[in-house]
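Next comes run.txt, with compact mmCIF, C-alpha atoms and all ligand atoms.
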```txt
# COMPACT_ATOMS: atom_id res chain seq x y z
CA MET A 830 65.44 3.15 -69.33
CA ILE A 831 67.74 2.88 -66.30
CA GLN A 832 71.40 3.73 -66.26
CA VAL A 833 73.54 2.83 -63.28
CA GLU A 834 76.87 4.58 -62.89
CA GLN A 835 79.68 3.43 -60.61
CA LEU A 836 77.42 2.14 -57.86
CA ALA A 837 79.22 1.12 -54.68
CA LYS A 838 77.70 -0.27 -51.50
CA ARG A 839 79.40 -1.63 -48.43
CA PHE A 840 77.75 -3.44 -45.51
CA GLY A 841 80.31 -3.30 -42.68
CA HIS A 842 83.36 -4.89 -44.22
CA VAL A 843 81.44 -6.62 -47.02
CA GLU A 844 81.69 -4.74 -50.32
CA ALA A 845 78.45 -5.81 -51.96
CA LEU A 846 78.85 -3.56 -55.03
CA LYS A 847 82.25 -2.36 -56.19
CA GLY A 848 81.59 0.25 -58.86
CA VAL A 849 78.79 -1.24 -60.93
CA SER A 850 77.84 0.52 -64.18
CA VAL A 851 75.06 -1.10 -66.21
CA ASN A 852 71.98 -0.30 -68.27
CA VAL A 853 68.48 -1.69 -68.18
CA PRO A 854 67.31 -1.09 -71.75
CA ARG A 855 63.72 -0.05 -72.38
CA GLY A 856 61.40 -2.65 -73.86
CA GLN A 857 63.67 -5.61 -73.18
CA VAL A 858 63.91 -8.37 -70.60
CA SER A 859 67.25 -8.07 -68.80
CA ALA A 860 68.53 -10.98 -66.76
CA LEU A 861 70.64 -10.29 -63.70
CA ILE A 862 72.75 -13.34 -62.93
CA GLY A 863 75.65 -14.24 -60.70
CA PRO A 864 76.43 -16.60 -57.83
CA ASN A 865 74.99 -16.15 -54.32
CA GLY A 866 76.29 -13.03 -52.69
CA SER A 867 77.43 -11.42 -55.96
CA GLY A 868 75.27 -8.35 -55.30
CA LYS A 869 72.14 -8.95 -57.38
CA THR A 870 69.59 -8.15 -54.68
CA THR A 871 71.61 -5.16 -53.49
CA LEU A 872 71.73 -3.76 -57.03
CA MET A 873 67.97 -4.19 -57.44
CA LYS A 874 67.31 -2.52 -54.10
CA CYS A 875 69.53 0.41 -55.09
CA LEU A 876 67.45 0.86 -58.25
CA LEU A 877 64.29 0.87 -56.14
CA GLY A 878 65.70 3.22 -53.54
CA LEU A 879 65.40 0.60 -50.79
CA VAL A 880 69.17 0.55 -50.28
CA ARG A 881 71.12 3.79 -50.38
CA PRO A 882 74.41 3.38 -52.24
CA ASP A 883 77.61 4.80 -50.72
CA SER A 884 78.49 6.33 -54.07
CA GLY A 885 77.39 6.25 -57.67
CA LEU A 886 74.22 7.22 -59.43
CA VAL A 887 71.02 5.67 -60.71
CA ARG A 888 69.34 7.48 -63.60
CA LEU A 889 65.80 6.91 -64.78
CA GLU A 890 65.27 8.10 -68.35
CA GLY A 891 68.43 10.14 -67.94
CA LEU A 892 67.39 11.89 -64.71
CA PRO A 893 69.18 11.17 -61.42
CA MET A 894 66.80 9.52 -58.94
CA ASP A 895 68.58 10.26 -55.70
CA GLY A 896 66.25 10.17 -52.77
CA ASP A 897 63.06 10.47 -54.83
CA PRO A 898 60.50 7.98 -53.51
CA LEU A 899 58.23 8.65 -56.48
CA ARG A 900 60.65 6.67 -58.63
CA ARG A 901 58.78 3.64 -57.33
CA LEU A 902 55.89 4.57 -59.62
CA TRP A 903 58.08 3.51 -62.52
CA MET A 904 58.85 0.14 -60.95
CA GLY A 905 56.88 -2.87 -59.82
CA TYR A 906 58.94 -4.95 -57.40
CA MET A 907 58.75 -8.59 -56.46
CA PRO A 908 61.22 -9.11 -53.60
CA GLN A 909 63.25 -12.27 -53.10
CA VAL A 910 62.07 -12.39 -49.48
CA PRO A 911 58.78 -10.56 -49.01
CA HIS A 912 58.26 -8.66 -45.75
CA TYR A 913 54.65 -7.64 -45.49
CA PRO A 914 52.90 -7.04 -42.12
CA ASP A 915 51.88 -10.61 -41.39
CA ASN A 916 48.87 -9.78 -39.23
CA LEU A 917 47.13 -8.34 -42.31
CA SER A 918 45.03 -10.36 -44.69
CA VAL A 919 45.98 -10.70 -48.36
CA GLY A 920 43.10 -8.39 -49.30
CA GLU A 921 44.26 -5.77 -46.80
CA VAL A 922 47.81 -5.84 -48.14
CA LEU A 923 46.61 -5.51 -51.76
CA ASP A 924 44.37 -2.57 -50.74
CA LEU A 925 47.10 -0.95 -48.65
CA VAL A 926 49.65 -1.04 -51.46
CA ALA A 927 47.05 0.16 -53.97
CA SER A 928 46.16 3.15 -51.80
CA VAL A 929 49.81 4.11 -51.29
CA ARG A 930 50.34 3.92 -55.06
CA LEU A 931 47.22 5.95 -55.73
CA ALA A 932 48.34 8.67 -53.33
CA ALA A 933 51.76 8.73 -55.01
CA ARG A 934 50.18 8.92 -58.46
CA LEU A 935 48.13 11.92 -57.39
CA ARG A 936 51.40 13.63 -56.40
CA CYS A 937 53.03 12.62 -59.65
CA PRO A 938 50.37 12.66 -62.37
CA HIS A 939 52.91 12.34 -65.18
CA ALA A 940 54.11 8.91 -63.96
CA PRO A 941 53.60 6.36 -66.74
CA HIS A 942 51.17 3.50 -66.47
CA TRP A 943 51.49 0.11 -68.12
CA PRO A 944 49.57 -0.77 -70.14
CA GLN A 945 47.41 2.22 -70.88
CA ASP A 946 44.16 0.38 -71.47
CA GLU A 947 43.41 -2.15 -68.71
CA PRO A 948 44.24 -2.84 -65.06
CA GLU A 949 47.07 -5.36 -64.68
CA THR A 950 46.59 -8.50 -62.65
CA LEU A 951 47.84 -12.06 -62.60
CA ASP A 952 44.37 -13.26 -61.72
CA GLY A 953 44.29 -15.57 -64.73
CA ILE A 954 47.22 -17.58 -63.38
CA PHE A 955 47.25 -16.87 -59.62
CA PRO A 956 43.63 -16.24 -58.55
CA MET A 957 43.59 -14.13 -55.39
CA GLY A 958 39.87 -14.56 -54.64
CA GLU A 959 40.05 -17.35 -52.10
CA LEU A 960 43.15 -15.85 -50.48
CA LEU A 961 41.77 -12.39 -49.80
CA GLY A 962 40.55 -13.16 -46.27
CA ARG A 963 43.61 -15.18 -45.22
CA ARG A 964 46.26 -13.66 -43.00
CA LEU A 965 49.76 -13.53 -44.43
CA ARG A 966 51.08 -15.18 -41.26
CA GLY A 967 49.52 -18.51 -42.23
CA LEU A 968 50.54 -18.59 -45.88
CA SER A 969 53.12 -20.95 -47.35
CA GLY A 970 56.22 -19.50 -48.98
CA GLY A 971 54.92 -20.25 -52.48
CA THR A 972 51.58 -18.56 -51.79
CA LEU A 973 53.36 -15.52 -50.40
CA GLN A 974 55.38 -15.40 -53.63
CA ARG A 975 52.12 -15.33 -55.60
CA VAL A 976 50.95 -12.36 -53.56
CA GLY A 977 54.30 -10.68 -54.23
CA ALA A 978 53.92 -11.33 -57.96
CA GLU A 979 50.37 -9.99 -57.97
CA LEU A 980 51.55 -6.81 -56.22
CA ALA A 981 54.33 -6.31 -58.77
CA TRP A 982 51.96 -6.67 -61.72
CA ARG A 983 49.18 -4.59 -60.12
CA SER A 984 51.62 -1.71 -59.79
CA GLY A 985 50.96 -0.90 -63.44
CA ALA A 986 54.59 0.23 -63.59
CA PRO A 987 56.41 0.17 -66.92
CA LEU A 988 59.43 -1.60 -65.37
CA LEU A 989 59.14 -4.85 -63.43
CA VAL A 990 61.99 -5.70 -61.04
CA LEU A 991 61.68 -9.38 -60.14
CA ASP A 992 64.15 -10.88 -57.67
CA GLU A 993 64.17 -14.67 -58.01
CA PRO A 994 60.44 -14.67 -58.82
CA THR A 995 60.16 -18.40 -59.45
CA ALA A 996 62.23 -19.52 -56.45
CA GLY A 997 59.35 -20.54 -54.15
CA LEU A 998 56.89 -21.56 -56.85
CA ASP A 999 55.90 -25.07 -57.85
CA PRO A 1000 56.69 -26.05 -61.46
CA VAL A 1001 53.18 -25.33 -62.73
CA ALA A 1002 53.04 -21.86 -61.15
CA SER A 1003 56.55 -21.15 -62.30
CA SER A 1004 55.74 -22.09 -65.87
CA HIS A 1005 52.60 -19.90 -65.81
CA LEU A 1006 54.68 -16.97 -64.62
CA LYS A 1007 57.21 -17.56 -67.38
CA ASP A 1008 54.46 -17.62 -70.00
CA ARG A 1009 53.14 -14.36 -68.62
CA LEU A 1010 56.61 -12.82 -68.83
CA LEU A 1011 56.91 -13.96 -72.45
CA GLU A 1012 53.60 -12.19 -73.16
CA ASP A 1013 54.81 -9.05 -71.42
CA ARG A 1014 58.01 -9.24 -73.40
CA ALA A 1015 56.12 -9.55 -76.67
CA ARG A 1016 54.23 -6.39 -75.74
CA GLY A 1017 57.49 -4.56 -75.11
CA ARG A 1018 57.54 -4.35 -71.32
CA THR A 1019 60.81 -3.60 -69.58
CA VAL A 1020 61.78 -6.29 -67.07
CA LEU A 1021 64.80 -6.87 -64.85
CA ILE A 1022 64.80 -10.42 -63.50
CA SER A 1023 67.22 -12.44 -61.44
CA SER A 1024 67.04 -16.20 -61.21
CA HIS A 1025 69.12 -19.22 -60.42
CA VAL A 1026 67.30 -21.15 -63.09
CA LEU A 1027 69.44 -20.11 -66.02
CA SER A 1028 67.51 -22.26 -68.49
CA ASP A 1029 64.41 -20.11 -67.72
CA LEU A 1030 66.35 -16.96 -68.36
CA GLN A 1031 67.71 -18.17 -71.66
CA GLU A 1032 64.12 -18.37 -72.90
CA LEU A 1033 63.17 -14.97 -71.55
CA ALA A 1034 66.05 -12.56 -71.63
CA GLU A 1035 67.65 -10.57 -74.41
CA HIS A 1036 70.02 -8.50 -72.31
CA LEU A 1037 72.31 -10.00 -69.72
CA ILE A 1038 74.06 -8.54 -66.69
CA PHE A 1039 76.46 -10.94 -65.02
CA LEU A 1040 77.76 -9.93 -61.60
CA LEU A 1041 80.72 -11.60 -59.95
CA ASP A 1042 81.75 -10.53 -56.48
CA GLY A 1043 80.17 -7.08 -56.71
CA ARG A 1044 81.54 -6.29 -60.17
CA VAL A 1045 80.10 -6.51 -63.65
CA HIS A 1046 81.68 -9.47 -65.35
CA TYR A 1047 79.63 -9.21 -68.55
CA GLU A 1048 76.97 -6.92 -69.85
CA GLY A 1049 75.50 -7.29 -73.29
CA SER A 1050 73.29 -9.51 -75.37
CA LEU A 1051 72.70 -13.05 -74.23
CA ALA A 1052 73.64 -14.21 -77.71
CA GLY A 1053 76.94 -12.33 -77.35
CA LEU A 1054 77.88 -14.24 -74.19
CA LEU A 1055 77.08 -17.57 -75.81
CA GLU A 1056 79.19 -16.62 -78.80
CA GLN A 1057 82.05 -15.46 -76.59
CA THR A 1058 82.15 -18.75 -74.69
CA GLY A 1059 81.28 -21.00 -77.62
CA GLU A 1060 78.54 -22.66 -75.54
CA PRO A 1061 74.99 -23.06 -76.81
CA ARG A 1062 73.39 -22.96 -73.34
CA LEU A 1063 73.54 -20.12 -70.83
CA GLU A 1064 74.08 -22.57 -67.95
CA ARG A 1065 77.15 -23.99 -69.65
CA ALA A 1066 78.48 -20.60 -70.62
CA VAL A 1067 78.22 -19.39 -67.01
CA ALA A 1068 79.77 -22.60 -65.66
CA ARG A 1069 82.68 -22.18 -68.06
CA ILE A 1070 83.27 -18.60 -66.94
CA MET A 1071 83.09 -19.58 -63.25
CA ARG A 1072 85.64 -22.36 -63.82
CA GLN A 1073 87.97 -19.93 -65.59
CA GLU A 1074 87.59 -17.46 -62.70
CA ALA A 1075 88.39 -20.15 -60.15
CA ALA A 1076 91.46 -21.38 -62.06
P1 LIG B 1 72.80 -11.88 -54.19
O1 LIG B 1 71.44 -11.34 -54.31
O2 LIG B 1 73.58 -11.86 -55.49
O3 LIG B 1 72.85 -13.25 -53.58
P2 LIG B 1 73.16 -9.81 -52.18
O4 LIG B 1 73.03 -8.52 -52.89
O5 LIG B 1 72.01 -10.28 -51.40
O6 LIG B 1 73.64 -10.92 -53.23
O7 LIG B 1 74.41 -9.75 -51.20
C1 LIG B 1 75.69 -9.28 -51.58
C2 LIG B 1 76.59 -9.30 -50.36
O8 LIG B 1 76.18 -8.28 -49.45
C3 LIG B 1 76.55 -10.60 -49.58
O9 LIG B 1 77.84 -10.85 -49.07
C4 LIG B 1 75.57 -10.31 -48.47
O10 LIG B 1 75.85 -11.10 -47.34
C5 LIG B 1 75.85 -8.84 -48.19
N1 LIG B 1 74.64 -8.14 -47.70
C6 LIG B 1 73.52 -7.89 -48.41
N2 LIG B 1 72.62 -7.20 -47.67
C7 LIG B 1 73.19 -7.01 -46.46
C8 LIG B 1 72.77 -6.36 -45.25
N3 LIG B 1 71.59 -5.74 -45.16
N4 LIG B 1 73.63 -6.37 -44.21
C9 LIG B 1 74.86 -6.97 -44.31
N5 LIG B 1 75.29 -7.59 -45.42
C10 LIG B 1 74.48 -7.62 -46.48
MG MG B 2 69.60 -12.15 -53.98
```
Give the structure from the file, written as structure tokens.
Amino acid sequence: MIQVEQLAKRFGHVEALKGVSVNVPRGQVSALIGPNGSGKTTLMKCLLGLVRPDSGLVRLEGLPMDGDPLRRLWMGYMPQVPHYPDNLSVGEVLDLVASVRLAARLRCPHAPHWPQDEPETLDGIFPMGELLGRRLRGLSGGTLQRVGAELAWRSGAPLLVLDEPTAGLDPVASSHLKDRLLEDRARGRTVLISSHVLSDLQELAEHLIFLLDGRVHYEGSLAGLLEQTGEPRLERAVARIMRQEAA
């Protein structure tokens, strides 16, 4: 669904991405892993058009996306650190984002919608009702994450880009979100997800992108990486690779 070619991004003297070429295959859950600072968030933001790469190309369904804000209609985004105007209430933010999306859809009527039949919400697991009148300023980190998740799912976009979605959630919320992702996966949704909790990803992901220091260290099936390292668990496989790198 997405092809990334030779993406490079530098912040001052930090080279966050050093020529990254990867694919996000349609209808699969792809896990983006790598240690802190390896470039995961920067890569996701380049896909979304929130960070402009210095060089390289992002293609959506084969078409270059340079500078086209309407690409966001294909992607629902849950940021690692949400920045919404904190004087607004939850209801106002949900309405604001919905109206921006609606306006964009009117400009781009051929943009796909997922699924075709019903509006998407996480209301079954993260009810928004009692939060609607609360200002974002007063919300806890975990509650803000729930709002971020709800926004990503409400986008109705065929691709979900989730940056550490379970990081601020309590174990119950996190397990609900995982179940929901498994359902989405079963229905063939395309998802790109980063997480530090590699055991979660082993359950969810088919495709794996492993970044190390701004470069792709491995891209392929999760099963392939386990086979390559001879480890049954993703955590162990990654630890083994990191030890080899450090040696
Ligand atoms: P990850 O998500 O894998 O932890 P990031 O993509 O956030 O990694 O960061 C990759 C590198 O780029 C890090 O060294 C980080 O400090 C740097 N970086 C990311 N965003 C910025 C920014 N806006 N300004 C300066 N440096 C940045
Ligand atoms: Mg990050």
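If you measure from each of A:Glu1064, A:Asp1013, A:Glu993, A:Asp952 to ligand LIG 1 (chain B) using only C-alpha atoms and all ligand atoms, the closest one turns out to be A:Glu993.
Ranking A:Gln1057, A:Thr1019, A:Ser1024, A:Ser918 by their shortest atom-to-atom distance to Val858 (chain A), with all atoms listed in the file included, puts A:Thr1019 first.
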Exercise for review: Could you tell me how far CA of Arg1014 (chain A) lies from CA of Glu1035 (chain A), in Å and to one decimal?
Suggested key: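 Calculated distance between CA of Arg1014 (chain A) and CA of Glu1035 (chain A) is 9.8 Å.
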Practice item. Identify, on the basis of only C-alpha atoms, every residue whose closest approach to Gly885 (chain A) does not exceed 7 Å; exclude the query and any residue fewer than 3 positions from it along the same chain; express the result as a list in words. Key: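 In the requested form, the answer reads Glu834, Gln835, Leu836, Ala837 and Pro882 of chain A.
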Closest pair table for chain A residues within 7 Å of ligand LIG 1 (chain B), all atoms listed in the file, as a Markdown table:
```
| residue | atom | partner | partner_atom | distance |
| --- | --- | --- | --- | --- |
| A:Phe840 | CA | B:LIG1 | C9 | 4.7 |
| A:Gly841 | CA | B:LIG1 | C9 | 6.8 |
| A:Val843 | CA | B:LIG1 | O9 | 5.9 |
| A:Glu844 | CA | B:LIG1 | O8 | 6.6 |
| A:Ala845 | CA | B:LIG1 | O8 | 4.2 |
| A:Gly863 | CA | B:LIG1 | O2 | 6.1 |
| A:Pro864 | CA | B:LIG1 | O2 | 6.0 |
| A:Asn865 | CA | B:LIG1 | O3 | 3.7 |
| A:Gly866 | CA | B:LIG1 | O6 | 3.4 |
| A:Ser867 | CA | B:LIG1 | O2 | 3.9 |
| A:Gly868 | CA | B:LIG1 | O4 | 3.3 |
| A:Lys869 | CA | B:LIG1 | O2 | 3.8 |
| A:Thr870 | CA | B:LIG1 | O1 | 3.7 |
| A:Thr871 | CA | B:LIG1 | O4 | 3.7 |
| A:Leu872 | CA | B:LIG1 | O4 | 6.4 |
```
**Study point:** Minimum-distance residue to ligand MG 2 (chain B), chosen among A:His1046, A:Arg934, A:Arg964, A:Lys874 (using all atoms listed in the file)
**Key:**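 Closest residue, counting all atoms listed in the file: A:Lys874.
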Check your understanding: Around (53.9, -17.8, -54.5) in the file's frame, which residues reach within 9 Å when counting all atoms listed in the file? Return as a count of residues only?
Key -> 19
Check your understanding: Of the candidates A:Ile862, A:Leu1021, A:Leu1037, A:Met957, which shows the shortest atom-to-atom distance to ligand MG 2 (chain B), using only C-alpha atoms and all ligand atoms?
Key ->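 Once distances to ligand MG 2 (chain B) are computed over only C-alpha atoms and all ligand atoms, the minimum belongs to A:Ile862.
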Revision key, fill the gap. Between CA of Glu949 (chain A) and CA of Arg983 (chain A) lies a distance of 5.1 Å
**Study point:** Which of A:Arg930, A:His1025, A:Arg966, A:Arg901 sits closest to ligand MG 2 (chain B) [using all atoms listed in the file]
**Key:** A:His1025
Point to revise | Non-local contacts of Val919 (chain A) (7 Å; all atoms listed in the file; under 6 positions in same chain excluded) as a PyMOL selection string | key: chain A and resi 960-965
Point to revise | Interatomic distance (Å, one decimal) between CA of Leu1051 (chain A) and CA of Leu876 (chain A) | key: 21.8 Å
Exercise for review: Tell me which of A:Ile1022, A:Leu1006, A:Leu1030, A:Ile954 sits closest to ligand MG 2 (chain B), counting all atoms listed in the file.
Suggested key: A:Ile1022
Do you have, as CSV, the list of residues of region 954-1004 of chain A lying at most 12 Å from region 887-900 of chain A, each with its nearest atom pair and that distance in Å to one decimal, counting only C-alpha atoms and ordered by chain then number?
```
residue,atom,partner,partner_atom,distance
A:Ala986,CA,A:Arg900,CA,10.1
A:Pro987,CA,A:Arg900,CA,11.4
A:Leu988,CA,A:Leu889,CA,10.6
```
Expected residue set, 9 Å radius at (79.6, -13.3, -61.9), all atoms listed in the file, as a compact mmCIF listing (two decimals) with C-alpha atoms, in the coordinates of the input:
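Generated file (out26.txt):
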```txt
# COMPACT_ATOMS: atom_id res chain seq x y z
CA ILE A 862 72.75 -13.34 -62.93
CA GLY A 863 75.65 -14.24 -60.70
CA PRO A 864 76.43 -16.60 -57.83
CA SER A 867 77.43 -11.42 -55.96
CA ILE A 1038 74.06 -8.54 -66.69
CA PHE A 1039 76.46 -10.94 -65.02
CA LEU A 1040 77.76 -9.93 -61.60
CA LEU A 1041 80.72 -11.60 -59.95
CA ASP A 1042 81.75 -10.53 -56.48
CA GLY A 1043 80.17 -7.08 -56.71
CA ARG A 1044 81.54 -6.29 -60.17
CA VAL A 1045 80.10 -6.51 -63.65
CA HIS A 1046 81.68 -9.47 -65.35
CA TYR A 1047 79.63 -9.21 -68.55
CA VAL A 1067 78.22 -19.39 -67.01
CA ILE A 1070 83.27 -18.60 -66.94
CA MET A 1071 83.09 -19.58 -63.25
```
Exercise for review: Just the residues within 9 Å of Met873 (chain A), please, counting only C-alpha atoms, with nothing from its chain fewer than 5 positions along; format it as a PyMOL selection string.
Suggested key: chain A and resi 868+878-880+990-992+1021
Pull N, CA, C and O atoms for region 886-898 of chain A from the block and write them as an mmCIF file, in the first residue's frame.
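Resulting contents of part_35.cif:
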```cif
data_model
loop_
_atom_site.group_PDB
_atom_site.id
_atom_site.type_symbol
_atom_site.label_atom_id
_atom_site.label_comp_id
_atom_site.auth_asym_id
_atom_site.auth_seq_id
_atom_site.Cartn_x
_atom_site.Cartn_y
_atom_site.Cartn_z
ATOM 1 N N LEU A 886 11.367 9.312 -1.338
ATOM 2 C CA LEU A 886 10.009 9.377 -1.852
ATOM 3 C C LEU A 886 9.095 8.446 -1.062
ATOM 4 O O LEU A 886 9.510 7.366 -0.662
ATOM 5 N N VAL A 887 7.873 8.918 -0.834
ATOM 6 C CA VAL A 887 6.846 8.050 -0.270
ATOM 7 C C VAL A 887 5.770 7.872 -1.334
ATOM 8 O O VAL A 887 5.266 8.860 -1.872
ATOM 9 N N ARG A 888 5.458 6.640 -1.666
ATOM 10 C CA ARG A 888 4.393 6.365 -2.636
ATOM 11 C C ARG A 888 3.213 5.727 -1.920
ATOM 12 O O ARG A 888 3.392 4.866 -1.068
ATOM 13 N N LEU A 889 2.025 6.173 -2.334
ATOM 14 C CA LEU A 889 0.790 5.564 -1.853
ATOM 15 C C LEU A 889 0.152 4.898 -3.057
ATOM 16 O O LEU A 889 -0.114 5.585 -4.054
ATOM 17 N N GLU A 890 -0.057 3.602 -2.980
ATOM 18 C CA GLU A 890 -0.604 2.854 -4.121
ATOM 19 C C GLU A 890 0.149 3.200 -5.408
ATOM 20 O O GLU A 890 -0.448 3.412 -6.457
ATOM 21 N N GLY A 891 1.461 3.349 -5.277
ATOM 22 C CA GLY A 891 2.285 3.589 -6.460
ATOM 23 C C GLY A 891 2.448 5.049 -6.855
ATOM 24 O O GLY A 891 3.315 5.376 -7.666
ATOM 25 N N LEU A 892 1.632 5.941 -6.274
ATOM 26 C CA LEU A 892 1.713 7.352 -6.677
ATOM 27 C C LEU A 892 2.509 8.160 -5.658
ATOM 28 O O LEU A 892 2.259 8.047 -4.456
ATOM 29 N N PRO A 893 3.446 9.004 -6.129
ATOM 30 C CA PRO A 893 4.211 9.821 -5.181
ATOM 31 C C PRO A 893 3.279 10.778 -4.432
ATOM 32 O O PRO A 893 2.353 11.322 -5.023
ATOM 33 N N MET A 894 3.539 10.954 -3.122
ATOM 34 C CA MET A 894 2.617 11.753 -2.306
ATOM 35 C C MET A 894 3.152 13.130 -1.961
ATOM 36 O O MET A 894 2.602 13.785 -1.085
ATOM 37 N N ASP A 895 4.248 13.516 -2.583
ATOM 38 C CA ASP A 895 4.913 14.739 -2.157
ATOM 39 C C ASP A 895 3.965 15.914 -1.981
ATOM 40 O O ASP A 895 3.277 16.309 -2.917
ATOM 41 N N GLY A 896 3.957 16.443 -0.799
ATOM 42 C CA GLY A 896 3.261 17.697 -0.553
ATOM 43 C C GLY A 896 1.743 17.624 -0.677
ATOM 44 O O GLY A 896 1.088 18.651 -0.646
ATOM 45 N N ASP A 897 1.157 16.454 -0.796
ATOM 46 C CA ASP A 897 -0.297 16.388 -0.946
ATOM 47 C C ASP A 897 -0.959 16.130 0.402
ATOM 48 O O ASP A 897 -0.915 15.024 0.922
ATOM 49 N N PRO A 898 -1.601 17.163 0.975
ATOM 50 C CA PRO A 898 -2.195 16.970 2.305
ATOM 51 C C PRO A 898 -3.358 15.981 2.276
ATOM 52 O O PRO A 898 -3.708 15.399 3.305
#
```
